file input_18.cif (mmCIF, C-alpha atoms)
data_my_file
#
loop_
_atom_site.label_atom_id
_atom_site.label_comp_id
_atom_site.auth_asym_id
_atom_site.auth_seq_id
_atom_site.Cartn_x
_atom_site.Cartn_y
_atom_site.Cartn_z
CA MET A 1 122.94 122.51 46.24
CA ILE A 2 121.86 123.00 49.85
CA GLU A 3 124.26 120.30 51.03
CA TYR A 4 127.28 122.11 49.56
CA LEU A 5 126.20 125.33 51.29
CA LEU A 6 125.95 123.43 54.59
CA LEU A 7 129.38 121.88 53.95
CA LEU A 8 130.93 125.30 53.31
CA LEU A 9 129.31 126.68 56.48
CA GLY A 10 130.60 123.76 58.55
CA GLU A 11 134.14 123.97 57.18
CA SER A 12 134.36 127.73 57.80
CA ILE A 13 133.05 127.25 61.36
CA MET A 14 135.68 124.54 61.93
CA ILE A 15 138.50 126.77 60.62
CA PHE A 16 137.48 129.74 62.78
CA GLY A 17 137.11 127.46 65.82
CA THR A 18 140.68 126.25 65.32
CA LEU A 19 141.86 129.85 65.02
CA GLY A 20 140.04 130.71 68.24
CA ILE A 21 141.57 127.79 70.15
CA LEU A 22 145.04 128.82 68.98
CA ARG A 23 144.74 132.58 69.62
CA PHE A 24 142.53 133.14 72.69
CA PRO A 25 144.37 133.98 75.93
CA ASP A 26 142.54 131.82 78.48
CA VAL A 27 141.20 128.31 79.10
CA TYR A 28 137.59 129.48 79.35
CA THR A 29 137.62 131.57 76.18
CA ARG A 30 139.27 128.64 74.38
CA LEU A 31 136.45 126.42 75.67
CA HIS A 32 133.95 128.95 74.29
CA ALA A 33 135.52 128.71 70.83
CA ALA A 34 135.84 124.91 70.99
CA THR A 35 132.26 124.26 72.13
CA LYS A 36 130.28 126.56 69.88
CA CYS A 37 132.38 126.23 66.76
CA ASP A 38 133.08 122.53 66.94
CA THR A 39 129.52 121.48 67.77
CA GLY A 40 127.99 123.70 65.09
CA GLY A 41 130.52 122.72 62.43
CA ALA A 42 130.25 118.99 63.04
CA MET A 43 126.44 119.10 63.07
CA SER A 44 126.36 121.12 59.83
CA ILE A 45 128.67 118.71 58.02
CA LEU A 46 126.76 115.65 59.28
CA ILE A 47 123.39 117.09 58.18
CA ALA A 48 124.94 117.86 54.76
CA LEU A 49 126.14 114.23 54.54
CA ALA A 50 122.65 112.96 55.47
CA ILE A 51 121.13 115.09 52.68
CA ALA A 52 123.72 114.20 50.03
CA SER A 53 123.88 110.45 50.76
CA GLU A 54 122.20 108.01 48.36
CA ALA A 55 122.00 105.27 50.97
CA PRO A 56 118.79 103.70 52.33
CA LEU A 57 116.74 105.63 54.86
CA LEU A 58 118.10 103.74 57.87
CA ILE A 59 121.67 104.82 57.11
CA LYS A 60 120.62 108.44 56.56
CA LEU A 61 118.99 108.21 59.98
CA LYS A 62 122.32 107.02 61.37
CA PHE A 63 124.00 110.26 60.22
CA LEU A 64 121.27 112.22 62.02
CA VAL A 65 121.69 110.10 65.17
CA LEU A 66 125.41 110.96 65.09
CA ALA A 67 124.59 114.69 64.85
CA PHE A 68 122.12 114.38 67.74
CA LEU A 69 124.72 112.60 69.90
CA ILE A 70 127.29 115.33 69.16
CA ALA A 71 124.74 117.98 70.19
CA LEU A 72 124.12 116.04 73.41
CA ILE A 73 127.64 115.02 74.43
CA ASN A 74 129.93 117.89 73.41
CA PRO A 75 128.42 120.67 75.63
CA MET A 76 128.27 118.25 78.58
CA VAL A 77 131.98 117.46 78.34
CA SER A 78 132.85 121.15 77.90
CA HIS A 79 130.84 122.05 81.02
CA ALA A 80 132.66 119.36 83.00
CA ILE A 81 136.05 120.60 81.76
CA ALA A 82 135.25 124.21 82.74
CA ARG A 83 134.12 123.15 86.22
CA GLY A 84 137.18 120.95 86.68
CA ALA A 85 139.51 123.73 85.52
CA TYR A 86 137.99 126.16 88.05
CA LYS A 87 138.35 123.62 90.86
CA TYR A 88 141.92 122.90 89.68
CA GLY A 89 142.85 126.50 90.45
CA ILE A 90 142.99 128.22 87.06
CA LYS A 91 141.64 131.74 87.47
CA PRO A 92 139.94 133.40 84.48
CA GLU A 93 141.48 136.64 83.17
CA VAL A 94 138.30 138.68 83.50
CA VAL A 95 137.12 141.74 85.40
CA VAL A 96 134.03 140.17 86.99
CA ASP A 97 134.14 136.61 88.35
CA MET A 98 130.53 135.81 89.25
CA TYR A 99 131.21 132.16 90.07
CA ALA A 100 133.46 133.24 92.95
CA TRP A 101 130.64 135.34 94.47
CA ASP A 102 128.42 132.31 94.98
CA ASN A 103 131.20 129.85 95.83
CA PRO A 104 133.76 131.57 98.02
CA MET B 1 132.23 99.73 43.06
CA VAL B 2 134.29 101.55 45.66
CA GLU B 3 135.89 104.80 44.55
CA GLU B 4 139.66 104.66 44.78
CA ASN B 5 140.32 108.38 45.09
CA LEU B 6 139.31 110.34 48.18
CA LEU B 7 139.11 113.67 46.35
CA VAL B 8 136.23 112.85 44.00
CA SER B 9 133.70 115.12 45.72
CA PRO B 10 133.75 118.38 47.73
CA PHE B 11 133.31 116.30 50.89
CA GLY B 12 136.76 114.79 50.30
CA TRP B 13 138.29 118.27 50.21
CA GLY B 14 136.39 118.99 53.43
CA ALA B 15 138.06 115.96 55.02
CA VAL B 16 141.46 117.30 53.90
CA VAL B 17 140.69 120.66 55.54
CA LEU B 18 139.71 118.85 58.75
CA VAL B 19 142.98 116.87 58.76
CA ILE B 20 145.00 120.09 58.30
CA THR B 21 143.17 121.87 61.15
CA SER B 22 143.67 118.83 63.40
CA LEU B 23 147.42 118.94 62.70
CA VAL B 24 147.47 122.66 63.54
CA LEU B 25 145.54 121.99 66.77
CA SER B 26 148.17 119.49 67.92
CA TYR B 27 150.28 122.55 68.81
CA ARG B 28 147.77 123.32 71.59
CA VAL B 29 147.88 119.69 72.75
CA LEU B 30 151.70 119.51 72.84
CA PHE B 31 152.60 122.97 74.19
CA GLY B 32 149.46 123.95 76.15
CA PRO B 33 150.33 125.95 79.27
CA THR B 34 147.99 124.04 81.58
CA LEU B 35 146.34 120.63 81.74
CA ALA B 36 142.91 122.01 80.79
CA ASP B 37 144.25 123.40 77.49
CA ARG B 38 145.50 119.97 76.50
CA ILE B 39 142.12 118.40 77.36
CA VAL B 40 140.31 121.02 75.24
CA GLY B 41 142.63 120.26 72.30
CA ILE B 42 142.17 116.50 72.59
CA ASN B 43 138.38 116.89 72.78
CA THR B 44 138.28 119.01 69.62
CA VAL B 45 140.60 116.70 67.67
CA THR B 46 138.43 113.70 68.56
CA THR B 47 135.26 115.45 67.36
CA LYS B 48 136.99 116.28 64.07
CA THR B 49 138.02 112.62 63.76
CA VAL B 50 134.37 111.55 64.15
CA VAL B 51 133.41 113.84 61.25
CA ILE B 52 136.31 112.51 59.13
CA LEU B 53 135.10 108.94 59.73
CA ALA B 54 131.55 109.91 58.66
CA ILE B 55 132.88 111.57 55.47
CA PHE B 56 134.93 108.47 54.65
CA ALA B 57 131.87 106.26 55.17
CA PHE B 58 129.96 108.49 52.75
CA ILE B 59 132.65 108.53 50.04
CA ALA B 60 133.75 104.89 50.13
CA LYS B 61 130.15 103.64 50.71
CA GLU B 62 131.36 101.47 53.62
CA TYR B 63 128.68 102.27 56.15
CA PHE B 64 130.10 100.32 59.10
CA PHE B 65 132.41 103.29 59.68
CA LEU B 66 129.36 105.11 61.12
CA ASP B 67 129.24 102.60 63.98
CA LEU B 68 132.94 103.24 64.58
CA ALA B 69 132.18 106.98 64.70
CA VAL B 70 129.43 106.49 67.32
CA VAL B 71 131.74 104.36 69.48
CA LEU B 72 134.57 106.92 69.20
CA LEU B 73 132.17 109.71 70.22
CA MET B 74 131.09 107.80 73.33
CA VAL B 75 134.71 107.02 74.25
CA ASN B 76 135.39 110.77 73.88
CA ALA B 77 132.52 111.56 76.28
CA VAL B 78 133.64 109.08 78.95
CA GLY B 79 137.31 110.06 78.64
CA GLY B 80 136.53 113.77 78.89
CA LEU B 81 134.36 113.27 81.97
CA ILE B 82 137.05 111.13 83.65
CA LEU B 83 139.76 113.72 82.90
CA ALA B 84 137.56 116.54 84.24
CA LYS B 85 136.85 114.58 87.43
CA TYR B 86 140.58 113.94 87.82
CA MET B 87 141.24 117.68 87.42
CA GLU B 88 138.73 118.47 90.19
CA GLY B 89 140.53 116.21 92.64
CA ALA B 90 144.17 116.93 91.81
CA LYS B 91 145.07 120.20 93.46
#

call {"tool": "encode", "arguments": {"input": "input_18.cif", "output": "structure tokens"}}
result
Amino acid sequence: MIEYLLLLLGESIMIFGTLGILRFPDVYTRLHAATKCDTGGAMSILIALAIASEAPLLIKLKFLVLAFLIALINPMVSHAIARGAYKYGIKPEVVVDMYAWDNP
Amino acid sequence: MVEENLLVSPFGWGAVVLVITSLVLSYRVLFGPTLADRIVGINTVTTKTVVILAIFAFIAKEYFFLDLAVVLLMVNAVGGLILAKYMEGAK
């Protein structure tokens, strides 16, 4: 039962992340939607698969290793993309730009 | 015995939802205004593909697809870092 709840949570997070990437006005807000929603949704679905699987323990552990790697890699790549986009010259559509105070 | 049909469990329907959202996201990859938008779209589609591979390994009980998912995730990490580094240099 708990695995289907986790699956439903993950799928709804994935759908709203896609909606955010399509509808937000800026690169940085799109990165916000992509990072939080995609990492949380993928980890929820993978933990649900590890619970629901009838495989031996080593293969269940492989699902959890995949979830751990997603939690490690996805924020790192998003951070690198945000830094590269700022250096590329894309200005965020915000009122306060605190990164420009420290790095003129 | 390997199940023939993908839609035998709720996880199969979850894979179908992921495929549909990936197809919708390809709009952002094709028509993104800047280079960073395309990279964000590609990154998200690749993460969804990793989850689809894990769901297929669960349904078909072919567990070598999990190794393929790990390799695809690492290729995603290296490719994203290289594209971000390229974006820093290319004014």

call {"tool": "closest_atom_pairs", "arguments": {"input": "input_18.cif", "of": "chain A", "to": "chain B", "cutoff": "7 Å", "atoms": "only C-alpha atoms", "output": "CSV"}}
result
residue,atom,partner,partner_atom,distance
A:Glu11,CA,B:Gly14,CA,6.6
A:Ile15,CA,B:Thr21,CA,6.8
A:Thr18,CA,B:Thr21,CA,6.5
A:Leu22,CA,B:Arg28,CA,6.7
A:Val27,CA,B:Asp37,CA,6.0
A:Leu31,CA,B:Val40,CA,6.7
A:Ala34,CA,B:Thr44,CA,6.5
A:Asp38,CA,B:Thr44,CA,6.8
A:Ala42,CA,B:Val51,CA,6.3
A:Ser53,CA,B:Phe58,CA,6.7
A:Leu66,CA,B:Val70,CA,6.4
A:Ile73,CA,B:Ala77,CA,6.3
A:Val77,CA,B:Gly80,CA,5.9
A:Ala80,CA,B:Ala84,CA,5.8
A:Ile81,CA,B:Ala84,CA,5.0
A:Gly84,CA,B:Glu88,CA,4.6
A:Ala85,CA,B:Ala36,CA,6.1
A:Lys87,CA,B:Glu88,CA,5.2
A:Tyr88,CA,B:Glu88,CA,5.5

call {"tool": "resolve_selection", "arguments": {"input": "input_18.cif", "expression": "the PyMOL selection byres ((chain A and resi 65) around 12)", "output": "PDB file with C-alpha atoms, keeping the file's coordinate frame"}}
result
ATOM      1  CA  MET A  43     126.440 119.100  63.070  1.00  0.00           C
ATOM      2  CA  LEU A  46     126.760 115.650  59.280  1.00  0.00           C
ATOM      3  CA  ILE A  47     123.390 117.090  58.180  1.00  0.00           C
ATOM      4  CA  ALA A  50     122.650 112.960  55.470  1.00  0.00           C
ATOM      5  CA  LEU A  58     118.100 103.740  57.870  1.00  0.00           C
ATOM      6  CA  ILE A  59     121.670 104.820  57.110  1.00  0.00           C
ATOM      7  CA  LYS A  60     120.620 108.440  56.560  1.00  0.00           C
ATOM      8  CA  LEU A  61     118.990 108.210  59.980  1.00  0.00           C
ATOM      9  CA  LYS A  62     122.320 107.020  61.370  1.00  0.00           C
ATOM     10  CA  PHE A  63     124.000 110.260  60.220  1.00  0.00           C
ATOM     11  CA  LEU A  64     121.270 112.220  62.020  1.00  0.00           C
ATOM     12  CA  LEU A  66     125.410 110.960  65.090  1.00  0.00           C
ATOM     13  CA  ALA A  67     124.590 114.690  64.850  1.00  0.00           C
ATOM     14  CA  PHE A  68     122.120 114.380  67.740  1.00  0.00           C
ATOM     15  CA  LEU A  69     124.720 112.600  69.900  1.00  0.00           C
ATOM     16  CA  ILE A  70     127.290 115.330  69.160  1.00  0.00           C
ATOM     17  CA  ALA A  71     124.740 117.980  70.190  1.00  0.00           C
ATOM     18  CA  LEU A  72     124.120 116.040  73.410  1.00  0.00           C
TER      19      LEU A  72
ATOM     20  CA  ALA B  54     131.550 109.910  58.660  1.00  0.00           C
ATOM     21  CA  LEU B  66     129.360 105.110  61.120  1.00  0.00           C
ATOM     22  CA  ASP B  67     129.240 102.600  63.980  1.00  0.00           C
ATOM     23  CA  ALA B  69     132.180 106.980  64.700  1.00  0.00           C
ATOM     24  CA  VAL B  70     129.430 106.490  67.320  1.00  0.00           C
ATOM     25  CA  LEU B  73     132.170 109.710  70.220  1.00  0.00           C
TER      26      LEU B  73
END

call {"tool": "closest_residue", "arguments": {"input": "input_18.cif", "among": "B:Ile42, B:Thr49, B:Phe65, B:Val71", "to": "Val19 of chain B", "atoms": "all atoms listed in the file"}}
result
B:Thr49

call {"tool": "atom_distance", "arguments": {"input": "input_18.cif", "atom1": "atom CA of Ile51 of chain A", "atom2": "atom CA of Glu3 of chain A"}}
result
6.3 Å

call {"tool": "atom_distance", "arguments": {"input": "input_18.cif", "atom1": "atom CA of Gly12 of chain B", "atom2": "atom CA of Phe56 of chain B"}}
result
7.9 Å

call {"tool": "atom_distance", "arguments": {"input": "input_18.cif", "atom1": "atom CA of Ser44 of chain A", "atom2": "atom CA of Phe16 of chain A"}}
result
14.4 Å

call {"tool": "decode", "arguments": {"input": "input_18.cif", "residues": "segment 63-91 of chain B", "atoms": "N, CA and C atoms", "output": "compact mmCIF listing (two decimals), in the first residue's frame"}}
result
# COMPACT_ATOMS: atom_id res chain seq x y z
N TYR B 63 17.00 -7.62 -14.55
CA TYR B 63 17.61 -6.64 -13.65
C TYR B 63 18.91 -6.06 -14.17
N PHE B 64 19.36 -6.45 -15.39
CA PHE B 64 20.56 -5.78 -15.90
C PHE B 64 20.24 -4.38 -16.40
N PHE B 65 18.94 -4.04 -16.55
CA PHE B 65 18.59 -2.68 -16.93
C PHE B 65 18.96 -1.67 -15.85
N LEU B 66 19.10 -2.13 -14.60
CA LEU B 66 19.51 -1.21 -13.53
C LEU B 66 20.94 -0.71 -13.75
N ASP B 67 21.81 -1.61 -14.25
CA ASP B 67 23.18 -1.18 -14.56
C ASP B 67 23.17 -0.15 -15.69
N LEU B 68 22.30 -0.39 -16.68
CA LEU B 68 22.17 0.60 -17.77
C LEU B 68 21.71 1.94 -17.22
N ALA B 69 20.81 1.92 -16.23
CA ALA B 69 20.31 3.17 -15.65
C ALA B 69 21.42 3.92 -14.93
N VAL B 70 22.27 3.19 -14.18
CA VAL B 70 23.38 3.83 -13.47
C VAL B 70 24.35 4.47 -14.46
N VAL B 71 24.65 3.75 -15.55
CA VAL B 71 25.58 4.28 -16.55
C VAL B 71 25.00 5.52 -17.23
N LEU B 72 23.67 5.49 -17.53
CA LEU B 72 23.04 6.65 -18.17
C LEU B 72 23.04 7.86 -17.24
N LEU B 73 22.87 7.61 -15.93
CA LEU B 73 22.90 8.71 -14.96
C LEU B 73 24.27 9.36 -14.90
N MET B 74 25.33 8.52 -14.95
CA MET B 74 26.69 9.08 -14.89
C MET B 74 27.03 9.82 -16.17
N VAL B 75 26.56 9.32 -17.33
CA VAL B 75 26.77 10.04 -18.59
C VAL B 75 26.06 11.39 -18.56
N ASN B 76 24.86 11.41 -17.93
CA ASN B 76 24.10 12.65 -17.76
C ASN B 76 24.90 13.65 -16.93
N ALA B 77 25.54 13.17 -15.84
CA ALA B 77 26.31 14.06 -14.97
C ALA B 77 27.49 14.67 -15.73
N VAL B 78 28.25 13.80 -16.43
CA VAL B 78 29.44 14.30 -17.12
C VAL B 78 29.05 15.23 -18.27
N GLY B 79 27.99 14.87 -19.01
CA GLY B 79 27.56 15.72 -20.12
C GLY B 79 27.05 17.07 -19.65
N GLY B 80 26.30 17.08 -18.53
CA GLY B 80 25.81 18.35 -17.99
C GLY B 80 26.94 19.24 -17.53
N LEU B 81 27.94 18.64 -16.86
CA LEU B 81 29.08 19.44 -16.39
C LEU B 81 29.87 20.01 -17.56
N ILE B 82 30.04 19.20 -18.63
CA ILE B 82 30.80 19.68 -19.79
C ILE B 82 30.05 20.81 -20.48
N LEU B 83 28.72 20.68 -20.61
CA LEU B 83 27.93 21.74 -21.26
C LEU B 83 27.95 23.02 -20.44
N ALA B 84 27.90 22.89 -19.09
CA ALA B 84 27.94 24.07 -18.23
C ALA B 84 29.30 24.77 -18.34
N LYS B 85 30.37 23.98 -18.41
CA LYS B 85 31.72 24.57 -18.54
C LYS B 85 31.86 25.26 -19.89
N TYR B 86 31.26 24.66 -20.92
CA TYR B 86 31.29 25.29 -22.25
C TYR B 86 30.53 26.61 -22.23
N MET B 87 29.41 26.65 -21.47
CA MET B 87 28.61 27.88 -21.40
C MET B 87 29.36 28.97 -20.66
N GLU B 88 30.20 28.60 -19.66
CA GLU B 88 30.99 29.62 -18.97
C GLU B 88 31.99 30.27 -19.92
N GLY B 89 32.58 29.48 -20.79
CA GLY B 89 33.63 30.03 -21.65
C GLY B 89 33.09 30.80 -22.84
N ALA B 90 32.00 30.34 -23.43
CA ALA B 90 31.51 30.93 -24.68
C ALA B 90 30.69 32.18 -24.37
N LYS B 91 31.30 33.31 -24.61
CA LYS B 91 30.59 34.57 -24.37
C LYS B 91 29.63 34.83 -25.53
